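Pasted below: model-v1.txt, compact mmCIF, C-alpha atoms and all ligand atoms.
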```txt
# COMPACT_ATOMS: atom_id res chain seq x y z
CA MET A 1 5.24 -9.21 -24.82
CA PRO A 2 3.61 -12.59 -24.11
CA THR A 3 0.36 -12.72 -22.12
CA PRO A 4 0.99 -13.75 -18.51
CA LEU A 5 -0.16 -17.18 -17.42
CA ILE A 6 -3.21 -16.84 -15.15
CA VAL A 7 -2.97 -19.23 -12.22
CA ARG A 8 -5.98 -19.88 -9.98
CA LYS A 9 -4.73 -22.52 -7.56
CA ARG A 10 -2.30 -22.12 -4.68
CA ALA A 11 -0.58 -25.49 -5.23
CA GLU A 12 -0.05 -24.86 -8.94
CA MET A 13 1.35 -21.40 -8.23
CA ARG A 14 3.75 -22.77 -5.65
CA ASN A 15 5.01 -25.50 -7.98
CA LEU A 16 5.68 -23.00 -10.75
CA ILE A 17 7.64 -20.69 -8.45
CA LEU A 18 9.61 -23.52 -6.82
CA THR A 19 10.50 -25.02 -10.21
CA ASN A 20 11.73 -21.65 -11.47
CA ARG A 21 13.66 -21.00 -8.27
CA ALA A 22 15.32 -24.40 -8.63
CA SER A 23 16.56 -23.44 -12.08
CA GLY A 24 18.27 -20.39 -10.59
CA LYS A 25 15.65 -17.73 -11.40
CA ARG A 26 15.22 -14.74 -9.04
CA ILE A 27 11.51 -14.17 -8.52
CA GLY A 28 9.85 -10.82 -7.69
CA PHE A 29 6.30 -10.66 -6.33
CA VAL A 30 3.89 -7.70 -6.53
CA PRO A 31 0.69 -8.34 -4.53
CA THR A 32 -2.31 -6.20 -5.50
CA MET A 33 -6.09 -6.06 -5.27
CA GLY A 34 -6.36 -5.31 -9.00
CA SER A 35 -7.97 -2.33 -10.74
CA LEU A 36 -4.41 -1.56 -11.66
CA HIS A 37 -2.89 1.86 -12.33
CA GLN A 38 0.60 3.30 -12.74
CA GLY A 39 1.24 3.02 -9.00
CA HIS A 40 0.97 -0.76 -9.36
CA THR A 41 2.90 -0.94 -12.62
CA SER A 42 5.74 1.08 -11.07
CA LEU A 43 6.11 -1.74 -8.53
CA VAL A 44 6.19 -4.21 -11.42
CA GLU A 45 8.89 -2.11 -13.11
CA HIS A 46 11.01 -2.18 -9.95
CA ALA A 47 10.52 -5.95 -9.74
CA THR A 48 11.39 -6.56 -13.40
CA ALA A 49 14.53 -4.46 -13.04
CA GLU A 50 15.73 -6.53 -10.07
CA CYS A 51 14.44 -10.04 -10.80
CA ASP A 52 14.35 -12.58 -13.64
CA ASP A 53 10.60 -13.26 -13.45
CA VAL A 54 7.72 -11.36 -11.91
CA ILE A 55 4.47 -12.62 -10.48
CA THR A 56 1.58 -10.26 -9.66
CA SER A 57 -1.35 -11.37 -7.57
CA ILE A 58 -4.82 -9.95 -8.03
CA PHE A 59 -7.00 -10.73 -5.07
CA VAL A 60 -9.54 -8.50 -3.36
CA ASN A 61 -8.94 -9.75 0.14
CA PRO A 62 -12.18 -9.86 2.14
CA SER A 63 -10.34 -10.29 5.44
CA GLN A 64 -8.89 -6.76 5.31
CA PHE A 65 -12.24 -5.00 4.81
CA GLY A 66 -14.46 -3.99 7.73
CA PRO A 67 -18.20 -4.81 7.67
CA ASP A 68 -19.10 -1.24 6.57
CA GLU A 69 -16.34 -0.93 3.99
CA ASP A 70 -16.36 -1.20 0.20
CA TYR A 71 -15.50 -4.88 -0.34
CA LYS A 72 -18.50 -5.46 -2.64
CA GLU A 73 -18.09 -2.22 -4.61
CA TYR A 74 -14.30 -2.47 -4.91
CA PRO A 75 -13.53 -2.08 -8.66
CA ARG A 76 -12.64 -5.35 -10.40
CA ASP A 77 -11.52 -5.86 -14.01
CA LEU A 78 -9.25 -8.88 -14.41
CA HIS A 79 -9.20 -8.67 -18.19
CA ALA A 80 -7.91 -5.06 -18.26
CA ASP A 81 -5.43 -5.83 -15.46
CA VAL A 82 -3.93 -8.80 -17.29
CA HIS A 83 -3.66 -6.73 -20.46
CA LEU A 84 -1.75 -4.02 -18.57
CA LEU A 85 0.52 -6.54 -16.85
CA ALA A 86 1.33 -8.16 -20.22
CA GLN A 87 2.73 -4.81 -21.36
CA HIS A 88 5.03 -4.78 -18.32
CA GLY A 89 6.48 -8.25 -18.81
CA VAL A 90 4.76 -10.02 -15.90
CA ARG A 91 5.12 -13.79 -16.28
CA TRP A 92 2.39 -15.04 -13.95
CA VAL A 93 -0.83 -13.53 -12.62
CA PHE A 94 -2.04 -15.31 -9.51
CA ALA A 95 -5.79 -14.70 -9.33
CA PRO A 96 -7.31 -17.14 -6.84
CA ASP A 97 -10.95 -16.94 -5.79
CA VAL A 98 -11.95 -16.34 -2.17
CA GLN A 99 -12.57 -20.03 -1.48
CA GLU A 100 -9.07 -20.87 -2.67
CA MET A 101 -7.43 -18.38 -0.28
CA PHE A 102 -9.93 -18.84 2.57
CA PRO A 103 -11.33 -22.36 2.21
CA PRO A 104 -14.58 -23.25 4.01
CA GLY A 105 -13.89 -23.78 7.69
CA ASP A 106 -10.81 -21.57 7.57
CA SER A 107 -10.01 -20.28 11.05
CA THR A 108 -6.41 -19.06 11.17
CA ARG A 109 -5.34 -15.41 11.29
CA VAL A 110 -2.03 -13.64 11.86
CA GLU A 111 -2.33 -11.53 15.01
CA VAL A 112 -0.51 -8.23 14.68
CA SER A 113 0.55 -5.54 17.11
CA GLY A 114 3.32 -2.91 17.32
CA PRO A 115 3.16 -0.81 14.12
CA ALA A 116 -0.30 -2.26 13.43
CA LYS A 117 -1.80 -0.57 16.50
CA PRO A 118 -2.18 3.16 15.85
CA TYR A 119 -3.84 5.03 12.98
CA GLU A 120 -5.30 2.54 10.47
CA GLY A 121 -5.12 -0.13 13.15
CA THR A 122 -7.41 1.86 15.44
CA LEU A 123 -9.75 3.16 12.76
CA ARG A 124 -10.02 -0.11 10.85
CA PRO A 125 -9.99 -2.88 13.47
CA GLY A 126 -8.88 -6.20 11.97
CA HIS A 127 -7.56 -4.56 8.81
CA PHE A 128 -3.88 -5.30 9.36
CA SER A 129 -4.52 -8.78 10.66
CA GLY A 130 -6.32 -9.38 7.35
CA VAL A 131 -3.43 -7.86 5.41
CA ALA A 132 -0.76 -9.87 7.26
CA THR A 133 -2.78 -13.08 6.91
CA VAL A 134 -3.22 -12.71 3.18
CA VAL A 135 0.38 -11.62 2.54
CA LEU A 136 1.62 -14.68 4.42
CA ARG A 137 -0.75 -16.97 2.49
CA LEU A 138 0.23 -15.35 -0.81
CA LEU A 139 3.90 -15.85 0.02
CA GLN A 140 3.24 -19.52 0.82
CA SER A 141 1.73 -19.80 -2.66
CA ALA A 142 4.40 -17.71 -4.36
CA PRO A 143 7.63 -18.03 -2.36
CA ALA A 144 9.44 -15.21 -4.15
CA HIS A 145 12.86 -13.76 -3.32
CA LYS A 146 11.54 -10.21 -3.14
CA ILE A 147 8.11 -8.72 -2.48
CA TYR A 148 7.26 -5.15 -3.53
CA PHE A 149 5.03 -2.64 -1.75
CA GLY A 150 4.20 1.02 -2.33
CA ALA A 151 5.15 3.75 0.16
CA LYS A 152 1.61 5.09 -0.34
CA ASP A 153 0.50 2.50 2.26
CA TRP A 154 3.30 3.31 4.68
CA GLN A 155 1.86 1.66 7.76
CA GLN A 156 1.14 -1.50 5.78
CA ILE A 157 4.85 -1.75 4.92
CA LEU A 158 5.81 -1.45 8.58
CA VAL A 159 3.32 -4.20 9.47
CA VAL A 160 4.56 -6.53 6.70
CA ARG A 161 8.22 -5.92 7.60
CA GLN A 162 7.47 -6.68 11.24
CA MET A 163 5.65 -9.90 10.31
CA VAL A 164 8.46 -11.02 8.00
CA ARG A 165 10.98 -10.40 10.79
CA ASP A 166 8.92 -11.99 13.56
CA LEU A 167 7.90 -15.10 11.63
CA GLY A 168 11.24 -15.50 9.85
CA VAL A 169 9.66 -15.38 6.40
CA ASP A 170 12.39 -15.82 3.80
CA VAL A 171 11.67 -12.82 1.58
CA GLU A 172 13.10 -9.33 1.09
CA VAL A 173 10.53 -6.54 1.45
CA VAL A 174 11.14 -3.71 -1.04
CA THR A 175 9.52 -0.28 -0.69
CA CYS A 176 8.79 1.72 -3.85
CA PRO A 177 7.90 5.43 -3.99
CA THR A 178 4.33 6.71 -4.28
CA VAL A 179 3.23 7.46 -7.83
CA ARG A 180 1.07 10.57 -8.26
CA ASP A 181 -1.05 11.99 -11.03
CA LYS A 182 0.34 15.15 -12.65
CA ASP A 183 -1.76 17.25 -10.28
CA GLY A 184 -0.22 15.55 -7.24
CA LEU A 185 -3.07 13.24 -6.24
CA ALA A 186 -1.65 9.87 -5.16
CA MET A 187 -2.90 7.19 -7.54
CA SER A 188 -5.36 4.81 -5.96
CA SER A 189 -7.91 2.30 -7.22
CA ARG A 190 -10.42 4.18 -5.04
CA ASN A 191 -9.89 7.44 -6.99
CA THR A 192 -12.51 6.10 -9.43
CA TYR A 193 -15.08 6.81 -6.67
CA LEU A 194 -14.30 10.56 -6.75
CA SER A 195 -16.64 12.96 -8.54
CA GLU A 196 -15.08 15.92 -10.35
CA THR A 197 -15.74 18.15 -7.34
CA ASP A 198 -14.33 15.54 -4.95
CA ARG A 199 -11.20 15.29 -7.04
CA GLU A 200 -10.74 19.04 -7.03
CA GLN A 201 -11.04 19.01 -3.22
CA ALA A 202 -8.69 16.03 -2.92
CA LEU A 203 -5.84 17.99 -4.51
CA THR A 204 -5.55 19.90 -1.25
CA ILE A 205 -4.19 16.73 0.35
CA TYR A 206 -1.02 16.99 -1.73
CA SER A 207 -0.69 20.76 -1.45
CA SER A 208 -1.10 20.53 2.33
CA LEU A 209 1.63 17.87 2.47
CA GLN A 210 3.91 20.14 0.44
CA GLN A 211 3.20 23.12 2.66
CA ALA A 212 3.87 21.06 5.77
CA LYS A 213 7.18 19.86 4.34
CA LYS A 214 8.22 23.45 3.64
CA HIS A 215 7.35 24.46 7.20
CA TRP A 216 9.21 21.43 8.54
CA CYS A 217 12.34 22.41 6.62
CA ASN A 218 12.00 25.96 7.94
CA GLY A 219 12.13 24.56 11.46
CA ILE A 220 8.56 25.47 12.44
CA ALA A 221 7.33 23.58 15.53
CA ILE A 222 5.58 20.27 14.78
CA ASN A 223 2.39 21.26 16.66
CA LYS A 224 2.07 24.39 14.58
CA ILE A 225 2.68 22.51 11.30
CA GLU A 226 0.00 19.96 12.22
CA LYS A 227 -2.43 22.71 13.14
CA ASP A 228 -1.90 24.50 9.79
CA LEU A 229 -2.19 21.20 7.93
CA LYS A 230 -5.56 20.51 9.52
CA THR A 231 -6.76 24.06 8.90
CA MET A 232 -5.86 23.82 5.22
CA LEU A 233 -7.70 20.49 4.80
CA SER A 234 -10.76 21.58 6.77
CA ALA A 235 -11.00 24.81 4.74
CA LYS A 236 -11.75 22.59 1.72
CA LYS A 237 -14.40 20.65 3.69
CA ILE A 238 -12.17 17.60 3.85
CA GLN A 239 -13.08 15.44 6.85
CA ILE A 240 -9.85 14.61 8.64
CA GLU A 241 -9.39 11.26 10.37
CA TYR A 242 -5.78 11.98 11.19
CA ALA A 243 -3.12 14.39 9.95
CA ASP A 244 0.00 13.93 12.05
CA ILE A 245 3.76 14.14 11.90
CA VAL A 246 5.32 11.09 13.51
CA ASP A 247 8.48 9.01 13.66
CA ALA A 248 8.50 7.13 10.33
CA GLU A 249 9.49 3.81 11.93
CA SER A 250 7.72 3.74 15.28
CA LEU A 251 4.76 5.95 14.27
CA GLN A 252 5.12 7.60 17.67
CA LYS A 253 5.04 11.36 18.29
CA ILE A 254 8.41 13.05 17.83
CA PRO A 255 9.77 14.95 20.81
CA GLU A 256 10.24 18.60 19.78
CA SER A 257 13.82 18.30 20.96
CA ASN A 258 14.67 15.71 18.29
CA PRO A 259 13.66 16.92 14.84
CA SER A 260 16.36 14.85 13.09
CA THR A 261 14.38 11.62 13.65
CA PRO A 262 13.19 10.16 10.30
CA ALA A 263 9.71 11.62 10.15
CA ILE A 264 6.58 11.20 8.07
CA ILE A 265 3.34 13.11 7.64
CA LEU A 266 0.40 10.70 7.68
CA ILE A 267 -3.04 11.73 6.44
CA ALA A 268 -6.34 9.86 6.32
CA CYS A 269 -9.46 11.75 5.37
CA ARG A 270 -12.80 11.61 3.64
CA VAL A 271 -13.50 13.52 0.48
CA GLY A 272 -17.22 13.22 -0.14
CA SER A 273 -17.84 9.62 0.84
CA THR A 274 -14.44 8.37 -0.30
CA ARG A 275 -11.76 7.57 2.22
CA LEU A 276 -8.25 8.49 1.07
CA ILE A 277 -4.84 8.09 2.66
CA ASP A 278 -1.59 9.77 1.76
CA ASN A 279 1.77 10.50 3.34
CA LEU A 280 5.06 12.27 2.79
CA LEU A 281 8.45 11.32 4.19
CA LEU A 282 10.23 14.33 5.64
CA PRO A 283 13.92 14.90 4.99
CA SER A 284 16.17 15.47 7.97
CA GLN A 285 16.19 19.20 8.69
CA THR A 286 19.97 19.12 8.60
CA LEU A 287 20.08 17.93 4.97
CA SER A 288 20.39 20.19 1.94
CA SER A 289 17.42 18.35 0.36
CA CYS A 290 15.23 19.99 2.97
P1 LIG A 301 -3.68 -2.28 -3.60
O1 LIG A 301 -4.07 -2.87 -4.91
O2 LIG A 301 -4.33 -0.98 -3.30
O3 LIG A 301 -3.76 -3.28 -2.47
O4 LIG A 301 -2.14 -1.93 -3.72
C1 LIG A 301 -1.20 -2.90 -4.09
C2 LIG A 301 0.18 -2.34 -3.93
O5 LIG A 301 0.31 -1.18 -4.76
C3 LIG A 301 0.46 -1.87 -2.49
O6 LIG A 301 1.80 -2.20 -2.17
C4 LIG A 301 0.28 -0.37 -2.58
O7 LIG A 301 1.03 0.34 -1.63
C5 LIG A 301 0.81 -0.12 -3.99
N1 LIG A 301 0.28 1.16 -4.49
C6 LIG A 301 -1.01 1.56 -4.55
N2 LIG A 301 -1.09 2.82 -5.00
C7 LIG A 301 0.19 3.23 -5.23
C8 LIG A 301 0.79 4.44 -5.69
N3 LIG A 301 0.05 5.49 -6.01
N4 LIG A 301 2.13 4.49 -5.78
C9 LIG A 301 2.91 3.42 -5.45
N5 LIG A 301 2.40 2.25 -5.01
C10 LIG A 301 1.07 2.16 -4.90
```

Would you mind writing the file's structure down as structure tokens?
Ligand code: AMP
Amino acid sequence: MPTPLIVRKRAEMRNLILTNRASGKRIGFVPTMGSLHQGHTSLVEHATAECDDVITSIFVNPSQFGPDEDYKEYPRDLHADVHLLAQHGVRWVFAPDVQEMFPPGDSTRVEVSGPAKPYEGTLRPGHFSGVATVVLRLLQSAPAHKIYFGAKDWQQILVVRQMVRDLGVDVEVVTCPTVRDKDGLAMSSRNTYLSETDREQALTIYSSLQQAKKHWCNGIAINKIEKDLKTMLSAKKIQIEYADIVDAESLQKIPESNPSTPAIILIACRVGSTRLIDNLLLPSQTLSSC
């Protein structure tokens, strides 16, 4: 497959997309921070299946990292990423530098609320404002028909959907399933930080999600499931930031009287010094898939 064209400038990117749209092409957009793995390429595969041309952005967005977070250490390898994307038929790689996305004197941010408030919003103040700001700027540069996100970052999807609705952004947001390693660990660029022992410990995240799902389907009370989930994680010395079962859309607690609400288990924790997030959508207890 041909090597994708690497585009560095917002205006050039926009012209390319608009020209291709004008000739009737359907454009799919997969925004990433690079250090790509099969989770990312699965989004590209969804986009290629549904669109004529695919653009992937690679941009480690400083505005979504807190002052004590890993912006500097975040793994970067543009060459390897472009090579991988070439194998998946991506046409354009948009890889702007920080000054291009946030020019000197830049002072505009998207203010977010609603689904951006709890969980990651509380623990990582400013994170979702940074995400929403960069997604909006990326979409201005690459006005695609569809934009693809992974369910792994569930709250991020809710925040982006809300922004797209509220600001009337003309794009369809597509959610793709979480891709896991064979052992169940959700793929993440940050998994490269894990030592062998950390990785071993981290497997409990997936097994605890599976156990919780089983208990959910057996009709066990939510409080009890959450308690067992936390016990299982703590037993492996995993530091829990949250491990809750909530309404998958509102992220609010589910009243015990209404277990048919679409629900999700959300987990954020530290394994060694690495912060990991994961989640699992829960089937309705009335369905046979439960
Ligand atoms: P990131 O590079 O971490 O910002 O992620 C870019 C996109 O890839 C986001 O939409 C993520 O949700 C998605 N993504 C990351 N890891 C996975 C995974 N394991 N499975 C599916 N999508 C993923």

Let me see if you get this right: every residue at most 10 Å from ligand LIG 301 (chain A), counting only C-alpha atoms and all ligand atoms, written as a PDB file with C-alpha atoms, in the coordinates of the input.
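The resulting pocket.pdb:
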```
ATOM      1  CA  VAL A  30       3.890  -7.700  -6.530  1.00  0.00           C
ATOM      2  CA  PRO A  31       0.690  -8.340  -4.530  1.00  0.00           C
ATOM      3  CA  THR A  32      -2.310  -6.200  -5.500  1.00  0.00           C
ATOM      4  CA  MET A  33      -6.090  -6.060  -5.270  1.00  0.00           C
ATOM      5  CA  GLY A  34      -6.360  -5.310  -9.000  1.00  0.00           C
ATOM      6  CA  SER A  35      -7.970  -2.330 -10.740  1.00  0.00           C
ATOM      7  CA  LEU A  36      -4.410  -1.560 -11.660  1.00  0.00           C
ATOM      8  CA  HIS A  37      -2.890   1.860 -12.330  1.00  0.00           C
ATOM      9  CA  GLN A  38       0.600   3.300 -12.740  1.00  0.00           C
ATOM     10  CA  GLY A  39       1.240   3.020  -9.000  1.00  0.00           C
ATOM     11  CA  HIS A  40       0.970  -0.760  -9.360  1.00  0.00           C
ATOM     12  CA  THR A  41       2.900  -0.940 -12.620  1.00  0.00           C
ATOM     13  CA  SER A  42       5.740   1.080 -11.070  1.00  0.00           C
ATOM     14  CA  LEU A  43       6.110  -1.740  -8.530  1.00  0.00           C
ATOM     15  CA  VAL A  44       6.190  -4.210 -11.420  1.00  0.00           C
ATOM     16  CA  THR A  56       1.580 -10.260  -9.660  1.00  0.00           C
ATOM     17  CA  SER A  57      -1.350 -11.370  -7.570  1.00  0.00           C
ATOM     18  CA  ILE A  58      -4.820  -9.950  -8.030  1.00  0.00           C
ATOM     19  CA  PHE A  59      -7.000 -10.730  -5.070  1.00  0.00           C
ATOM     20  CA  VAL A  60      -9.540  -8.500  -3.360  1.00  0.00           C
ATOM     21  CA  ASN A  61      -8.940  -9.750   0.140  1.00  0.00           C
ATOM     22  CA  GLN A  64      -8.890  -6.760   5.310  1.00  0.00           C
ATOM     23  CA  VAL A 131      -3.430  -7.860   5.410  1.00  0.00           C
ATOM     24  CA  ILE A 147       8.110  -8.720  -2.480  1.00  0.00           C
ATOM     25  CA  TYR A 148       7.260  -5.150  -3.530  1.00  0.00           C
ATOM     26  CA  PHE A 149       5.030  -2.640  -1.750  1.00  0.00           C
ATOM     27  CA  GLY A 150       4.200   1.020  -2.330  1.00  0.00           C
ATOM     28  CA  ALA A 151       5.150   3.750   0.160  1.00  0.00           C
ATOM     29  CA  LYS A 152       1.610   5.090  -0.340  1.00  0.00           C
ATOM     30  CA  ASP A 153       0.500   2.500   2.260  1.00  0.00           C
ATOM     31  CA  TRP A 154       3.300   3.310   4.680  1.00  0.00           C
ATOM     32  CA  GLN A 155       1.860   1.660   7.760  1.00  0.00           C
ATOM     33  CA  GLN A 156       1.140  -1.500   5.780  1.00  0.00           C
ATOM     34  CA  ILE A 157       4.850  -1.750   4.920  1.00  0.00           C
ATOM     35  CA  VAL A 174      11.140  -3.710  -1.040  1.00  0.00           C
ATOM     36  CA  THR A 175       9.520  -0.280  -0.690  1.00  0.00           C
ATOM     37  CA  CYS A 176       8.790   1.720  -3.850  1.00  0.00           C
ATOM     38  CA  PRO A 177       7.900   5.430  -3.990  1.00  0.00           C
ATOM     39  CA  THR A 178       4.330   6.710  -4.280  1.00  0.00           C
ATOM     40  CA  VAL A 179       3.230   7.460  -7.830  1.00  0.00           C
ATOM     41  CA  ARG A 180       1.070  10.570  -8.260  1.00  0.00           C
ATOM     42  CA  ASP A 181      -1.050  11.990 -11.030  1.00  0.00           C
ATOM     43  CA  LEU A 185      -3.070  13.240  -6.240  1.00  0.00           C
ATOM     44  CA  ALA A 186      -1.650   9.870  -5.160  1.00  0.00           C
ATOM     45  CA  MET A 187      -2.900   7.190  -7.540  1.00  0.00           C
ATOM     46  CA  SER A 188      -5.360   4.810  -5.960  1.00  0.00           C
ATOM     47  CA  SER A 189      -7.910   2.300  -7.220  1.00  0.00           C
ATOM     48  CA  ARG A 190     -10.420   4.180  -5.040  1.00  0.00           C
ATOM     49  CA  ASP A 278      -1.590   9.770   1.760  1.00  0.00           C
TER      50      ASP A 278
END
```

Point to revise | Distance query Ala202 in chain A at most 12 Å, only C-alpha atoms, self and fewer than 4 positions along chain excluded, as a PyMOL selection string | key: chain A and resi 181+183-187+191+193-198+206-209+232-240+267-278

Review point. Hey, can you check how far CA of Phe65 in chain A sits from CA of His88 in chain A?
Key: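 Rounded to one decimal, the two atoms are 28.9 Å apart.
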
Exercise for review: Take CA of Thr48 in chain A and CA of Arg165 in chain A and report the distance between them in Å, one decimal.
Suggested key: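 If I compute the distance from CA of Thr48 in chain A to CA of Arg165 in chain A, I get 24.5 Å.
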
**Study point:** Surrounding residues of range 102-109 of chain A excluding itself and chain neighbours under 4 positions, 9 Å, only C-alpha atoms, as a list in words
**Key:** Asp97, Val98, Ser129, Gly130, Ala132, Thr133 and Val134 of chain A

Take the residues from that selection and write them out as a short mmCIF file (atom, residue, chain, number, x, y, z; two decimals), keeping the file's coordinate frame, keeping C-alpha atoms.
```cif
data_model
loop_
_atom_site.label_atom_id
_atom_site.label_comp_id
_atom_site.auth_asym_id
_atom_site.auth_seq_id
_atom_site.Cartn_x
_atom_site.Cartn_y
_atom_site.Cartn_z
CA ASP A 97 -10.95 -16.94 -5.79
CA VAL A 98 -11.95 -16.34 -2.17
CA SER A 129 -4.52 -8.78 10.66
CA GLY A 130 -6.32 -9.38 7.35
CA ALA A 132 -0.76 -9.87 7.26
CA THR A 133 -2.78 -13.08 6.91
CA VAL A 134 -3.22 -12.71 3.18
#
```

Point to revise | Gap from CA of Leu85 in chain A to CA of Met1 in chain A - Å, one decimal | key: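 It comes out at 9.6 Å.
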
Around the point (7.8, -15.9, -7.4) (coordinates from the file), which residues reach within 8 Å if we count only C-alpha atoms? Answer as a compact mmCIF listing (two decimals) with C-alpha atoms, in the coordinates of the input.
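part.txt, written as the output of this step:
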```txt
# COMPACT_ATOMS: atom_id res chain seq x y z
CA ILE A 17 7.64 -20.69 -8.45
CA LEU A 18 9.61 -23.52 -6.82
CA ARG A 21 13.66 -21.00 -8.27
CA ARG A 26 15.22 -14.74 -9.04
CA ILE A 27 11.51 -14.17 -8.52
CA GLY A 28 9.85 -10.82 -7.69
CA PHE A 29 6.30 -10.66 -6.33
CA ASP A 53 10.60 -13.26 -13.45
CA VAL A 54 7.72 -11.36 -11.91
CA ILE A 55 4.47 -12.62 -10.48
CA ALA A 142 4.40 -17.71 -4.36
CA PRO A 143 7.63 -18.03 -2.36
CA ALA A 144 9.44 -15.21 -4.15
CA HIS A 145 12.86 -13.76 -3.32
```

**Study point:** Of the listed residues A:Val112, A:Lys146, A:Arg137, A:Val164, that which approaches Lys25 in chain A most closely, counting all atoms listed in the file
**Key:** A:Lys146

Can you tell me, as a PDB file with C-alpha atoms, keeping the file's coordinate frame, what residues are no more than 12 Å from Lys227 in chain A when counting only C-alpha atoms, ignoring any on the same chain fewer than 2 positions away?
```pdb
ATOM      1  CA  SER A 208      -1.100  20.530   2.330  1.00  0.00           C
ATOM      2  CA  GLN A 211       3.200  23.120   2.660  1.00  0.00           C
ATOM      3  CA  ALA A 212       3.870  21.060   5.770  1.00  0.00           C
ATOM      4  CA  HIS A 215       7.350  24.460   7.200  1.00  0.00           C
ATOM      5  CA  ILE A 220       8.560  25.470  12.440  1.00  0.00           C
ATOM      6  CA  ALA A 221       7.330  23.580  15.530  1.00  0.00           C
ATOM      7  CA  ILE A 222       5.580  20.270  14.780  1.00  0.00           C
ATOM      8  CA  ASN A 223       2.390  21.260  16.660  1.00  0.00           C
ATOM      9  CA  LYS A 224       2.070  24.390  14.580  1.00  0.00           C
ATOM     10  CA  ILE A 225       2.680  22.510  11.300  1.00  0.00           C
ATOM     11  CA  LEU A 229      -2.190  21.200   7.930  1.00  0.00           C
ATOM     12  CA  LYS A 230      -5.560  20.510   9.520  1.00  0.00           C
ATOM     13  CA  THR A 231      -6.760  24.060   8.900  1.00  0.00           C
ATOM     14  CA  MET A 232      -5.860  23.820   5.220  1.00  0.00           C
ATOM     15  CA  LEU A 233      -7.700  20.490   4.800  1.00  0.00           C
ATOM     16  CA  SER A 234     -10.760  21.580   6.770  1.00  0.00           C
ATOM     17  CA  ILE A 240      -9.850  14.610   8.640  1.00  0.00           C
ATOM     18  CA  TYR A 242      -5.780  11.980  11.190  1.00  0.00           C
ATOM     19  CA  ALA A 243      -3.120  14.390   9.950  1.00  0.00           C
ATOM     20  CA  ASP A 244       0.000  13.930  12.050  1.00  0.00           C
ATOM     21  CA  ILE A 245       3.760  14.140  11.900  1.00  0.00           C
TER      22      ILE A 245
END
```

Review point. Using all atoms listed in the file, which of A:Val169, A:Leu266, A:Leu158, A:Cys290 sits nearest Ser250 in chain A?
Key: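 Distance minimum relative to Ser250 in chain A lands on A:Leu158.
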
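Remark: for His46 in chain A, the closest of the candidate residues A:Tyr119, A:Met101, A:Phe128, A:Val90 is A:Val90 (distances computed over all atoms listed in the file).
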
**Study point:** Shortest interatomic distance to Pro118 in chain A - which of A:Leu287, A:Leu280, A:Leu251, A:Val159, counting all atoms listed in the file
**Key:** A:Leu251

Padding 5 Å on every side, please: axis-aligned box over the listed atoms of range 61-71 of chain A, centre and edge lengths to one decimal in Å, as JSON.
```
{"center_x": -14.0, "center_y": -5.6, "center_z": 3.7, "size_x": 20.2, "size_y": 19.4, "size_z": 18.1}
```

Exercise for review: Up to 10 Å from (-4.0, -22.5, -0.2) in the file's coordinates: name the residues, counting only C-alpha atoms, as an MDAnalysis selection string.
Suggested key: chainID A and resid 9:14 96 99:103 137:138 140:141
